[in-house]
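Colleague: One file: work_17.pdb (PDB, C-alpha atoms, pLDDT in the B column).
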```pdb
ATOM      1  CA  MET A 125     -89.968  37.171 261.815  1.00 92.00           C
ATOM      2  CA  THR A 126     -87.189  34.869 260.712  1.00 94.00           C
ATOM      3  CA  ALA A 127     -83.712  36.034 259.770  1.00 95.00           C
ATOM      4  CA  LYS A 128     -84.393  35.062 256.158  1.00 95.00           C
ATOM      5  CA  GLU A 129     -87.615  37.087 256.072  1.00 94.00           C
ATOM      6  CA  MET A 130     -85.956  40.158 257.595  1.00 94.00           C
ATOM      7  CA  TRP A 131     -83.029  39.895 255.195  1.00 95.00           C
ATOM      8  CA  GLU A 132     -85.319  39.517 252.166  1.00 93.00           C
ATOM      9  CA  ILE A 133     -87.221  42.686 253.083  1.00 92.00           C
ATOM     10  CA  PHE A 134     -84.039  44.653 253.831  1.00 93.00           C
ATOM     11  CA  SER A 135     -82.128  43.428 250.786  1.00 93.00           C
ATOM     12  CA  LYS A 136     -84.998  44.160 248.384  1.00 92.00           C
ATOM     13  CA  GLU A 137     -85.475  47.667 249.808  1.00 91.00           C
ATOM     14  CA  ASN A 138     -81.748  48.334 249.385  1.00 92.00           C
ATOM     15  CA  ASN A 139     -81.001  46.460 246.143  1.00 92.00           C
ATOM     16  CA  LEU A 140     -78.763  43.949 247.927  1.00 91.00           C
ATOM     17  CA  GLU A 141     -80.396  40.699 246.741  1.00 81.00           C
ATOM     18  CA  ASN A 142     -77.034  39.098 245.896  1.00 86.00           C
ATOM     19  CA  GLU A 143     -75.270  40.255 249.067  1.00 91.00           C
ATOM     20  CA  GLU A 144     -74.255  37.609 251.610  1.00 93.00           C
ATOM     21  CA  TYR A 145     -75.091  37.979 255.290  1.00 96.00           C
ATOM     22  CA  GLU A 146     -74.445  36.275 258.626  1.00 95.00           C
ATOM     23  CA  VAL A 147     -77.048  35.314 261.218  1.00 96.00           C
ATOM     24  CA  TRP A 148     -76.178  35.244 264.933  1.00 96.00           C
ATOM     25  CA  ALA A 149     -77.165  36.145 268.467  1.00 96.00           C
ATOM     26  CA  PHE A 150     -75.020  37.776 271.110  1.00 94.00           C
ATOM     27  CA  GLY A 151     -73.387  35.176 273.351  1.00 84.00           C
ATOM     28  CA  ASP A 152     -74.656  36.218 276.750  1.00 82.00           C
ATOM     29  CA  ASP A 153     -78.165  37.572 277.481  1.00 91.00           C
ATOM     30  CA  SER A 154     -78.972  37.790 273.789  1.00 93.00           C
ATOM     31  CA  ASP A 155     -82.340  39.491 274.392  1.00 95.00           C
ATOM     32  CA  LYS A 156     -80.901  42.369 276.435  1.00 95.00           C
ATOM     33  CA  LEU A 157     -77.948  42.868 274.075  1.00 95.00           C
ATOM     34  CA  ALA A 158     -80.216  42.789 271.015  1.00 96.00           C
ATOM     35  CA  GLU A 159     -82.446  45.402 272.671  1.00 95.00           C
ATOM     36  CA  LEU A 160     -79.421  47.619 273.394  1.00 96.00           C
ATOM     37  CA  THR A 161     -78.425  47.242 269.729  1.00 97.00           C
ATOM     38  CA  VAL A 162     -81.854  48.162 268.354  1.00 95.00           C
ATOM     39  CA  ASN A 163     -81.928  51.195 270.656  1.00 94.00           C
ATOM     40  CA  GLY A 164     -78.548  52.403 269.346  1.00 95.00           C
ATOM     41  CA  ILE A 165     -76.784  51.954 272.699  1.00 97.00           C
ATOM     42  CA  LYS A 166     -74.726  48.906 271.760  1.00 98.00           C
ATOM     43  CA  THR A 167     -72.610  49.653 268.686  1.00 98.00           C
ATOM     44  CA  ALA A 168     -69.706  47.263 269.317  1.00 98.00           C
ATOM     45  CA  THR A 169     -68.989  43.703 270.357  1.00 97.00           C
ATOM     46  CA  CYS A 170     -66.031  41.370 270.704  1.00 97.00           C
ATOM     47  CA  SER A 171     -65.249  37.685 270.567  1.00 97.00           C
ATOM     48  CA  ALA A 172     -62.329  35.421 271.335  1.00 97.00           C
ATOM     49  CA  TYR A 173     -59.855  35.323 268.452  1.00 98.00           C
ATOM     50  CA  TYR A 174     -58.842  31.816 269.559  1.00 97.00           C
ATOM     51  CA  LEU A 175     -62.278  30.470 268.642  1.00 95.00           C
ATOM     52  CA  TYR A 176     -62.005  31.818 265.093  1.00 95.00           C
ATOM     53  CA  GLU A 177     -58.643  30.068 264.751  1.00 93.00           C
ATOM     54  CA  LYS A 178     -59.903  26.832 266.298  1.00 92.00           C
ATOM     55  CA  GLU A 179     -62.924  26.688 263.971  1.00 92.00           C
ATOM     56  CA  ASP A 180     -60.876  27.934 260.967  1.00 93.00           C
ATOM     57  CA  GLU A 181     -63.532  30.617 260.600  1.00 93.00           C
ATOM     58  CA  GLU A 182     -63.015  33.834 258.662  1.00 94.00           C
ATOM     59  CA  LEU A 183     -62.878  37.021 260.691  1.00 96.00           C
ATOM     60  CA  PRO A 184     -65.665  39.527 260.140  1.00 95.00           C
ATOM     61  CA  LYS A 185     -64.934  42.367 257.726  1.00 96.00           C
ATOM     62  CA  ALA A 186     -66.071  45.960 257.486  1.00 97.00           C
ATOM     63  CA  GLY A 187     -68.993  46.237 255.100  1.00 96.00           C
ATOM     64  CA  GLU A 188     -70.543  42.875 255.991  1.00 97.00           C
ATOM     65  CA  TYR A 189     -74.146  42.535 257.079  1.00 97.00           C
ATOM     66  CA  SER A 190     -75.582  40.406 259.900  1.00 97.00           C
ATOM     67  CA  VAL A 191     -79.088  39.639 261.078  1.00 97.00           C
ATOM     68  CA  ILE A 192     -79.152  39.690 264.870  1.00 97.00           C
ATOM     69  CA  LEU A 193     -81.382  37.183 266.658  1.00 96.00           C
ATOM     70  CA  ASN A 194     -82.961  37.149 270.098  1.00 95.00           C
ATOM     71  CA  SER A 195     -83.100  34.090 272.370  1.00 95.00           C
ATOM     72  CA  ARG A 196     -86.127  32.763 270.466  1.00 95.00           C
ATOM     73  CA  ASP A 197     -84.226  32.867 267.143  1.00 95.00           C
ATOM     74  CA  GLU A 198     -86.396  35.765 265.992  1.00 95.00           C
ATOM     75  CA  ALA A 199     -84.778  38.406 263.799  1.00 96.00           C
ATOM     76  CA  VAL A 200     -84.304  41.661 265.697  1.00 95.00           C
ATOM     77  CA  CYS A 201     -82.323  43.845 263.307  1.00 96.00           C
ATOM     78  CA  VAL A 202     -79.813  44.004 260.486  1.00 97.00           C
ATOM     79  CA  ILE A 203     -76.419  45.492 261.294  1.00 98.00           C
ATOM     80  CA  LYS A 204     -73.548  46.514 259.069  1.00 98.00           C
ATOM     81  CA  THR A 205     -70.025  46.056 260.381  1.00 98.00           C
ATOM     82  CA  VAL A 206     -68.095  49.311 260.051  1.00 98.00           C
ATOM     83  CA  LYS A 207     -64.794  48.456 261.761  1.00 98.00           C
ATOM     84  CA  VAL A 208     -62.936  45.290 262.790  1.00 98.00           C
ATOM     85  CA  TYR A 209     -59.695  45.117 264.748  1.00 98.00           C
ATOM     86  CA  ILE A 210     -57.745  42.745 266.984  1.00 98.00           C
ATOM     87  CA  GLU A 211     -56.929  43.863 270.522  1.00 98.00           C
ATOM     88  CA  ARG A 212     -55.703  42.127 273.649  1.00 98.00           C
ATOM     89  CA  PHE A 213     -58.217  41.904 276.496  1.00 98.00           C
ATOM     90  CA  CYS A 214     -55.921  43.936 278.764  1.00 98.00           C
ATOM     91  CA  ASN A 215     -55.702  46.734 276.177  1.00 98.00           C
ATOM     92  CA  ILE A 216     -59.408  47.257 275.480  1.00 98.00           C
ATOM     93  CA  SER A 217     -60.116  50.975 275.571  1.00 98.00           C
ATOM     94  CA  GLU A 218     -62.684  52.881 277.573  1.00 98.00           C
ATOM     95  CA  GLU A 219     -64.168  53.925 274.224  1.00 98.00           C
ATOM     96  CA  HIS A 220     -64.713  50.309 273.146  1.00 98.00           C
ATOM     97  CA  ALA A 221     -66.235  49.396 276.525  1.00 98.00           C
ATOM     98  CA  TYR A 222     -68.597  52.354 276.213  1.00 98.00           C
ATOM     99  CA  LYS A 223     -69.630  51.340 272.685  1.00 98.00           C
ATOM    100  CA  GLU A 224     -70.469  47.836 273.897  1.00 97.00           C
ATOM    101  CA  GLY A 225     -73.242  49.586 275.853  1.00 97.00           C
ATOM    102  CA  GLU A 226     -73.517  47.231 278.822  1.00 95.00           C
ATOM    103  CA  GLY A 227     -74.045  48.073 282.484  1.00 95.00           C
ATOM    104  CA  ASP A 228     -72.764  51.537 283.340  1.00 97.00           C
ATOM    105  CA  ARG A 229     -70.673  51.435 280.105  1.00 97.00           C
ATOM    106  CA  SER A 230     -67.430  51.743 282.082  1.00 98.00           C
ATOM    107  CA  LEU A 231     -64.208  49.870 281.329  1.00 98.00           C
ATOM    108  CA  GLU A 232     -64.286  48.417 284.858  1.00 97.00           C
ATOM    109  CA  TYR A 233     -67.757  46.943 284.308  1.00 97.00           C
ATOM    110  CA  TRP A 234     -66.782  45.695 280.840  1.00 97.00           C
ATOM    111  CA  ARG A 235     -63.674  43.917 282.193  1.00 98.00           C
ATOM    112  CA  LYS A 236     -65.612  42.163 284.945  1.00 97.00           C
ATOM    113  CA  VAL A 237     -68.473  40.826 282.822  1.00 96.00           C
ATOM    114  CA  HIS A 238     -66.241  39.931 279.871  1.00 97.00           C
ATOM    115  CA  LYS A 239     -63.695  38.168 282.042  1.00 97.00           C
ATOM    116  CA  ASP A 240     -66.538  36.065 283.457  1.00 96.00           C
ATOM    117  CA  PHE A 241     -67.949  35.437 279.968  1.00 96.00           C
ATOM    118  CA  PHE A 242     -64.636  34.490 278.345  1.00 97.00           C
ATOM    119  CA  THR A 243     -63.606  32.336 281.320  1.00 97.00           C
ATOM    120  CA  LYS A 244     -66.789  30.313 280.864  1.00 96.00           C
ATOM    121  CA  GLU A 245     -66.722  30.283 277.042  1.00 95.00           C
ATOM    122  CA  LEU A 246     -63.066  29.275 276.748  1.00 96.00           C
ATOM    123  CA  GLY A 247     -63.385  26.807 279.624  1.00 96.00           C
ATOM    124  CA  GLU A 248     -65.928  24.894 277.540  1.00 94.00           C
ATOM    125  CA  VAL A 249     -63.164  24.131 275.006  1.00 95.00           C
ATOM    126  CA  GLY A 250     -60.472  23.501 277.614  1.00 95.00           C
ATOM    127  CA  VAL A 251     -58.703  26.867 277.360  1.00 96.00           C
ATOM    128  CA  LYS A 252     -57.957  29.179 280.284  1.00 96.00           C
ATOM    129  CA  PHE A 253     -58.797  32.867 280.213  1.00 97.00           C
ATOM    130  CA  SER A 254     -55.822  35.225 279.986  1.00 97.00           C
ATOM    131  CA  ASP A 255     -55.619  39.023 280.194  1.00 97.00           C
ATOM    132  CA  ASP A 256     -53.334  38.762 277.148  1.00 97.00           C
ATOM    133  CA  MET A 257     -55.889  36.897 275.009  1.00 98.00           C
ATOM    134  CA  GLU A 258     -56.657  38.475 271.670  1.00 98.00           C
ATOM    135  CA  LEU A 259     -60.166  39.648 270.904  1.00 98.00           C
ATOM    136  CA  VAL A 260     -61.828  40.326 267.582  1.00 98.00           C
ATOM    137  CA  CYS A 261     -63.475  43.706 268.124  1.00 98.00           C
ATOM    138  CA  GLU A 262     -66.281  44.862 265.878  1.00 98.00           C
ATOM    139  CA  GLU A 263     -68.086  48.149 265.569  1.00 98.00           C
ATOM    140  CA  PHE A 264     -71.393  48.237 263.727  1.00 98.00           C
ATOM    141  CA  GLU A 265     -74.469  50.255 262.931  1.00 97.00           C
ATOM    142  CA  VAL A 266     -78.098  49.196 262.782  1.00 97.00           C
ATOM    143  CA  VAL A 267     -79.304  49.536 259.206  1.00 95.00           C
ATOM    144  CA  SER A 268     -82.789  48.046 259.698  1.00 91.00           C
ATOM    145  CA  ASP A 269     -84.916  47.004 262.646  1.00 86.00           C
ATOM    146  CA  ASN A 270     -88.248  46.703 260.842  1.00 69.00           C
ATOM    147  CA  ASP A 271     -89.871  48.392 263.862  1.00 63.00           C
ATOM    148  CA  TYR A 272     -88.844  45.619 266.246  1.00 51.00           C
ATOM    149  CA  GLU A 273     -90.204  46.000 269.791  1.00 50.00           C
ATOM    150  CA  GLY A 274     -89.439  43.267 272.281  1.00 46.00           C
ATOM    151  CA  GLY A 275     -90.373  40.392 270.026  1.00 42.00           C
ATOM    152  CA  ASN A 276     -93.078  42.123 267.987  1.00 38.00           C
ATOM    153  CA  ILE A 277     -92.479  43.216 264.448  1.00 35.00           C
ATOM    154  CA  HIS A 278     -94.953  45.914 263.413  1.00 30.00           C
TER
END
```
Kindly return the structure encoded in the file as structure tokens.

Modeller:
Amino acid sequence: MTAKEMWEIFSKENNLENEEYEVWAFGDDSDKLAELTVNGIKTATCSAYYLYEKEDEELPKAGEYSVILNSRDEAVCVIKTVKVYIERFCNISEEHAYKEGEGDRSLEYWRKVHKDFFTKELGEVGVKFSDDMELVCEEFEVVSDNDYEGGNIH
């Protein structure tokens, strides 16, 4: 199912035909992270604030909807952002790390994999990773998954 198809079904069922939405995939291992999201384990994410500034892109806002894609650009679910805040990498809380749902859900695990991810991502635009870098942190809830199971919509 495409993002457009999933959104059309969801928006009609919820009288949101005129509502805007974003379409995106998680940056690293999009299939696994989408699966964690659909299963209610992953309820938060973060991204480099610098990249929003560089691209002159608006920050996400609470109340916005997004269609999450897998690595094959198939729609996996619709999420609604419930909270957005800016936090430095070094100040990310254990609670946020847990909500991101990855690995053993510990802050130690989160720091390791996210340091690796941001080092690579920022390196691609010529910026060095810093523990003081600001992150855009989002918390969300799945509002529709249309019975998604590993690439099959039922």

Colleague: Counting all atoms listed in the file, note down every residue that has an atom within 12 Å of the point (-60.2, 51.2, 279.7) (file coordinates), as an MDAnalysis selection string.

Modeller: chainID A and resid 212:223 229:236

Colleague: Could you turn the residues from that selection into a file that holds C-alpha atoms, as an mmCIF file, in the frame of the given file?

Modeller:
```
data_model
loop_
_atom_site.group_PDB
_atom_site.id
_atom_site.type_symbol
_atom_site.label_atom_id
_atom_site.label_comp_id
_atom_site.auth_asym_id
_atom_site.auth_seq_id
_atom_site.Cartn_x
_atom_site.Cartn_y
_atom_site.Cartn_z
ATOM 1 C CA ARG A 212 -55.703 42.127 273.649
ATOM 2 C CA PHE A 213 -58.217 41.904 276.496
ATOM 3 C CA CYS A 214 -55.921 43.936 278.764
ATOM 4 C CA ASN A 215 -55.702 46.734 276.177
ATOM 5 C CA ILE A 216 -59.408 47.257 275.480
ATOM 6 C CA SER A 217 -60.116 50.975 275.571
ATOM 7 C CA GLU A 218 -62.684 52.881 277.573
ATOM 8 C CA GLU A 219 -64.168 53.925 274.224
ATOM 9 C CA HIS A 220 -64.713 50.309 273.146
ATOM 10 C CA ALA A 221 -66.235 49.396 276.525
ATOM 11 C CA TYR A 222 -68.597 52.354 276.213
ATOM 12 C CA LYS A 223 -69.630 51.340 272.685
ATOM 13 C CA ARG A 229 -70.673 51.435 280.105
ATOM 14 C CA SER A 230 -67.430 51.743 282.082
ATOM 15 C CA LEU A 231 -64.208 49.870 281.329
ATOM 16 C CA GLU A 232 -64.286 48.417 284.858
ATOM 17 C CA TYR A 233 -67.757 46.943 284.308
ATOM 18 C CA TRP A 234 -66.782 45.695 280.840
ATOM 19 C CA ARG A 235 -63.674 43.917 282.193
ATOM 20 C CA LYS A 236 -65.612 42.163 284.945
#
```

Colleague: List the residues matched by the PyMOL selection byres ((chain A and resi 131-134) around 9) in the displayed structure as a VMD selection string, ordered by chain and then by residue number.

Modeller: chain A and resid 126 to 130 135 to 141 145 190 to 191 199 202 267 to 268 270

Colleague: Keeping only C-alpha atoms, write the selected residues to a file as a PDB file, in the frame of the given file.

Modeller:
```
ATOM      1  CA  THR A 126     -87.189  34.869 260.712  1.00 94.00           C
ATOM      2  CA  ALA A 127     -83.712  36.034 259.770  1.00 95.00           C
ATOM      3  CA  LYS A 128     -84.393  35.062 256.158  1.00 95.00           C
ATOM      4  CA  GLU A 129     -87.615  37.087 256.072  1.00 94.00           C
ATOM      5  CA  MET A 130     -85.956  40.158 257.595  1.00 94.00           C
ATOM      6  CA  SER A 135     -82.128  43.428 250.786  1.00 93.00           C
ATOM      7  CA  LYS A 136     -84.998  44.160 248.384  1.00 92.00           C
ATOM      8  CA  GLU A 137     -85.475  47.667 249.808  1.00 91.00           C
ATOM      9  CA  ASN A 138     -81.748  48.334 249.385  1.00 92.00           C
ATOM     10  CA  ASN A 139     -81.001  46.460 246.143  1.00 92.00           C
ATOM     11  CA  LEU A 140     -78.763  43.949 247.927  1.00 91.00           C
ATOM     12  CA  GLU A 141     -80.396  40.699 246.741  1.00 81.00           C
ATOM     13  CA  TYR A 145     -75.091  37.979 255.290  1.00 96.00           C
ATOM     14  CA  SER A 190     -75.582  40.406 259.900  1.00 97.00           C
ATOM     15  CA  VAL A 191     -79.088  39.639 261.078  1.00 97.00           C
ATOM     16  CA  ALA A 199     -84.778  38.406 263.799  1.00 96.00           C
ATOM     17  CA  VAL A 202     -79.813  44.004 260.486  1.00 97.00           C
ATOM     18  CA  VAL A 267     -79.304  49.536 259.206  1.00 95.00           C
ATOM     19  CA  SER A 268     -82.789  48.046 259.698  1.00 91.00           C
ATOM     20  CA  ASN A 270     -88.248  46.703 260.842  1.00 69.00           C
TER      21      ASN A 270
END
```

Colleague: Provide the CA of Ile210 in chain A to CA of Asn142 in chain A distance in Å, to one decimal place.

Modeller: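 We find that CA of Ile210 in chain A and CA of Asn142 in chain A lie 28.8 Å from each other.
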
Colleague: Using only C-alpha atoms, can you tell me which of A:Val237, A:Glu248, A:Ile192, A:Val208 comes closest to Ala168 in chain A?

Modeller: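 Smallest distance to Ala168 in chain A is found for A:Val208.
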
Colleague: Given the choices A:Ser154, A:Thr167, A:Thr243, A:Ser254, which gets closest to Asp197 in chain A if the distance is worked out from only C-alpha atoms?

Modeller: A:Ser154

Colleague: What does the distance from CA of Gly151 in chain A to CA of Phe242 in chain A come to in Å, to one decimal?

Modeller: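 So the two atoms, CA of Gly151 in chain A and CA of Phe242 in chain A, lie 10.1 Å apart.
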
Colleague: Quick one: residues within 9 Å of Leu183 in chain A, all atoms listed in the file counted, chain neighbours fewer than 3 positions away excluded, as a JSON list (two decimals) with C-alpha atoms, keeping the file's coordinate frame?

Modeller:
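Result written to result31.json:
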```json
[["chain", "number", "residue", "atom", "x", "y", "z"],
["A", 173, "TYR", "CA", -59.86, 35.32, 268.45],
["A", 176, "TYR", "CA", -62.00, 31.82, 265.09],
["A", 208, "VAL", "CA", -62.94, 45.29, 262.79],
["A", 260, "VAL", "CA", -61.83, 40.33, 267.58]]
```

Colleague: Using all atoms listed in the file, find the one residue out of A:Val206, A:Cys261, A:Ala158, A:Cys201 that sits nearest to Ala186 in chain A.

Modeller: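 Smallest separation from Ala186 in chain A among the options: A:Val206.
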
Colleague: How many Å lie between CA of Leu246 in chain A and CA of Glu179 in chain A, rounded to one decimal?

Modeller: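 Here the two named atoms are 13.0 Å from each other.
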
Colleague: Step by step, work through what the PyMOL selection byres ((chain A and resi 194) around 12) selects in the shown file, and finish by giving those residues as a PyMOL selection string.

Modeller: chain A and resi 125-127+147-162+191-193+195-201+272-276

Colleague: Kindly provide, as a list in words, the polymer residues lying within 7 Å of (-75.4, 40.0, 253.6), counting only C-alpha atoms and using the coordinates exactly as they appear in the file.

Modeller: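 I get Glu143, Glu144, Tyr145, Glu146, Glu188, Tyr189 and Ser190 of chain A for the residues within 7 Å of that point.
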
Colleague: With distances taken over only C-alpha atoms, which residue among A:Glu181, A:Glu245, A:Thr169, A:Glu258 lies nearest Ile203 in chain A?

Modeller: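 Nearest candidate to Ile203 in chain A out of A:Glu181, A:Glu245, A:Thr169, A:Glu258: A:Thr169.
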
Colleague: When you count only C-alpha atoms, which of these residues is closest to Asp269 in chain A: A:Gly247, A:Asp180, A:Asp240, A:Lys204?

Modeller: A:Lys204

Colleague: So, with all atoms listed in the file as the atoms that count, which of A:Glu265, A:Glu211, A:Glu226, A:Val249 lies closest to Cys170 in chain A?

Modeller: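 Counting all atoms listed in the file, the residue closest to Cys170 in chain A is A:Glu211.
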
Colleague: Mind filling out range 195-205 of chain A with all heavy atoms and sending it as an mmCIF file, in the frame of the given file?

Modeller:
```
data_model
loop_
_atom_site.group_PDB
_atom_site.id
_atom_site.type_symbol
_atom_site.label_atom_id
_atom_site.label_comp_id
_atom_site.auth_asym_id
_atom_site.auth_seq_id
_atom_site.Cartn_x
_atom_site.Cartn_y
_atom_site.Cartn_z
ATOM 1 N N SER A 195 -83.222 35.443 271.812
ATOM 2 C CA SER A 195 -83.100 34.090 272.370
ATOM 3 C C SER A 195 -84.113 33.108 271.788
ATOM 4 O O SER A 195 -83.977 31.903 271.961
ATOM 5 C CB SER A 195 -83.235 34.133 273.898
ATOM 6 O OG SER A 195 -84.540 34.564 274.249
ATOM 7 N N ARG A 196 -85.114 33.615 271.091
ATOM 8 C CA ARG A 196 -86.127 32.763 270.466
ATOM 9 C C ARG A 196 -85.854 32.576 268.976
ATOM 10 O O ARG A 196 -86.733 32.144 268.226
ATOM 11 C CB ARG A 196 -87.516 33.357 270.700
ATOM 12 C CG ARG A 196 -87.889 33.389 272.185
ATOM 13 C CD ARG A 196 -89.155 34.163 272.491
ATOM 14 N NE ARG A 196 -89.173 35.563 272.077
ATOM 15 C CZ ARG A 196 -88.516 36.557 272.673
ATOM 16 N NH1 ARG A 196 -87.769 36.317 273.724
ATOM 17 N NH2 ARG A 196 -88.616 37.793 272.231
ATOM 18 N N ASP A 197 -84.627 32.950 268.553
ATOM 19 C CA ASP A 197 -84.226 32.867 267.143
ATOM 20 C C ASP A 197 -85.087 33.729 266.223
ATOM 21 O O ASP A 197 -85.238 33.455 265.039
ATOM 22 C CB ASP A 197 -84.204 31.415 266.635
ATOM 23 C CG ASP A 197 -83.038 30.635 267.201
ATOM 24 O OD1 ASP A 197 -82.027 31.258 267.583
ATOM 25 O OD2 ASP A 197 -83.140 29.396 267.268
ATOM 26 N N GLU A 198 -85.648 34.798 266.782
ATOM 27 C CA GLU A 198 -86.396 35.765 265.992
ATOM 28 C C GLU A 198 -85.436 36.870 265.544
ATOM 29 O O GLU A 198 -84.582 37.308 266.313
ATOM 30 C CB GLU A 198 -87.516 36.394 266.815
ATOM 31 C CG GLU A 198 -88.553 35.410 267.292
ATOM 32 C CD GLU A 198 -89.454 35.991 268.371
ATOM 33 O OE1 GLU A 198 -89.027 36.902 269.116
ATOM 34 O OE2 GLU A 198 -90.593 35.506 268.473
ATOM 35 N N ALA A 199 -85.607 37.322 264.318
ATOM 36 C CA ALA A 199 -84.778 38.406 263.799
ATOM 37 C C ALA A 199 -85.134 39.710 264.501
ATOM 38 O O ALA A 199 -86.317 40.049 264.650
ATOM 39 C CB ALA A 199 -84.982 38.548 262.295
ATOM 40 N N VAL A 200 -84.111 40.411 264.967
ATOM 41 C CA VAL A 200 -84.304 41.661 265.697
ATOM 42 C C VAL A 200 -83.922 42.857 264.831
ATOM 43 O O VAL A 200 -84.623 43.854 264.783
ATOM 44 C CB VAL A 200 -83.472 41.651 266.999
ATOM 45 C CG1 VAL A 200 -83.546 42.980 267.711
ATOM 46 C CG2 VAL A 200 -83.934 40.526 267.901
ATOM 47 N N CYS A 201 -82.784 42.741 264.138
ATOM 48 C CA CYS A 201 -82.323 43.845 263.307
ATOM 49 C C CYS A 201 -81.248 43.364 262.342
ATOM 50 O O CYS A 201 -80.721 42.259 262.474
ATOM 51 C CB CYS A 201 -81.782 44.995 264.166
ATOM 52 S SG CYS A 201 -80.338 44.568 265.171
ATOM 53 N N VAL A 202 -80.938 44.219 261.386
ATOM 54 C CA VAL A 202 -79.813 44.004 260.486
ATOM 55 C C VAL A 202 -78.763 45.040 260.852
ATOM 56 O O VAL A 202 -79.076 46.223 261.010
ATOM 57 C CB VAL A 202 -80.210 44.176 259.002
ATOM 58 C CG1 VAL A 202 -79.011 43.979 258.090
ATOM 59 C CG2 VAL A 202 -81.341 43.222 258.623
ATOM 60 N N ILE A 203 -77.530 44.569 261.025
ATOM 61 C CA ILE A 203 -76.419 45.492 261.294
ATOM 62 C C ILE A 203 -75.416 45.410 260.161
ATOM 63 O O ILE A 203 -75.353 44.418 259.434
ATOM 64 C CB ILE A 203 -75.707 45.189 262.637
ATOM 65 C CG1 ILE A 203 -75.081 43.789 262.638
ATOM 66 C CG2 ILE A 203 -76.665 45.386 263.806
ATOM 67 C CD1 ILE A 203 -74.153 43.510 263.813
ATOM 68 N N LYS A 204 -74.651 46.474 260.024
ATOM 69 C CA LYS A 204 -73.548 46.514 259.069
ATOM 70 C C LYS A 204 -72.273 46.766 259.866
ATOM 71 O O LYS A 204 -72.206 47.724 260.643
ATOM 72 C CB LYS A 204 -73.751 47.627 258.049
ATOM 73 C CG LYS A 204 -72.668 47.666 256.980
ATOM 74 C CD LYS A 204 -72.968 48.727 255.936
ATOM 75 C CE LYS A 204 -71.935 48.696 254.826
ATOM 76 N NZ LYS A 204 -72.250 49.712 253.789
ATOM 77 N N THR A 205 -71.306 45.893 259.699
ATOM 78 C CA THR A 205 -70.025 46.056 260.381
ATOM 79 C C THR A 205 -69.275 47.217 259.745
ATOM 80 O O THR A 205 -69.141 47.277 258.520
ATOM 81 C CB THR A 205 -69.191 44.758 260.279
ATOM 82 O OG1 THR A 205 -69.960 43.699 260.861
ATOM 83 C CG2 THR A 205 -67.861 44.882 260.997
#
```
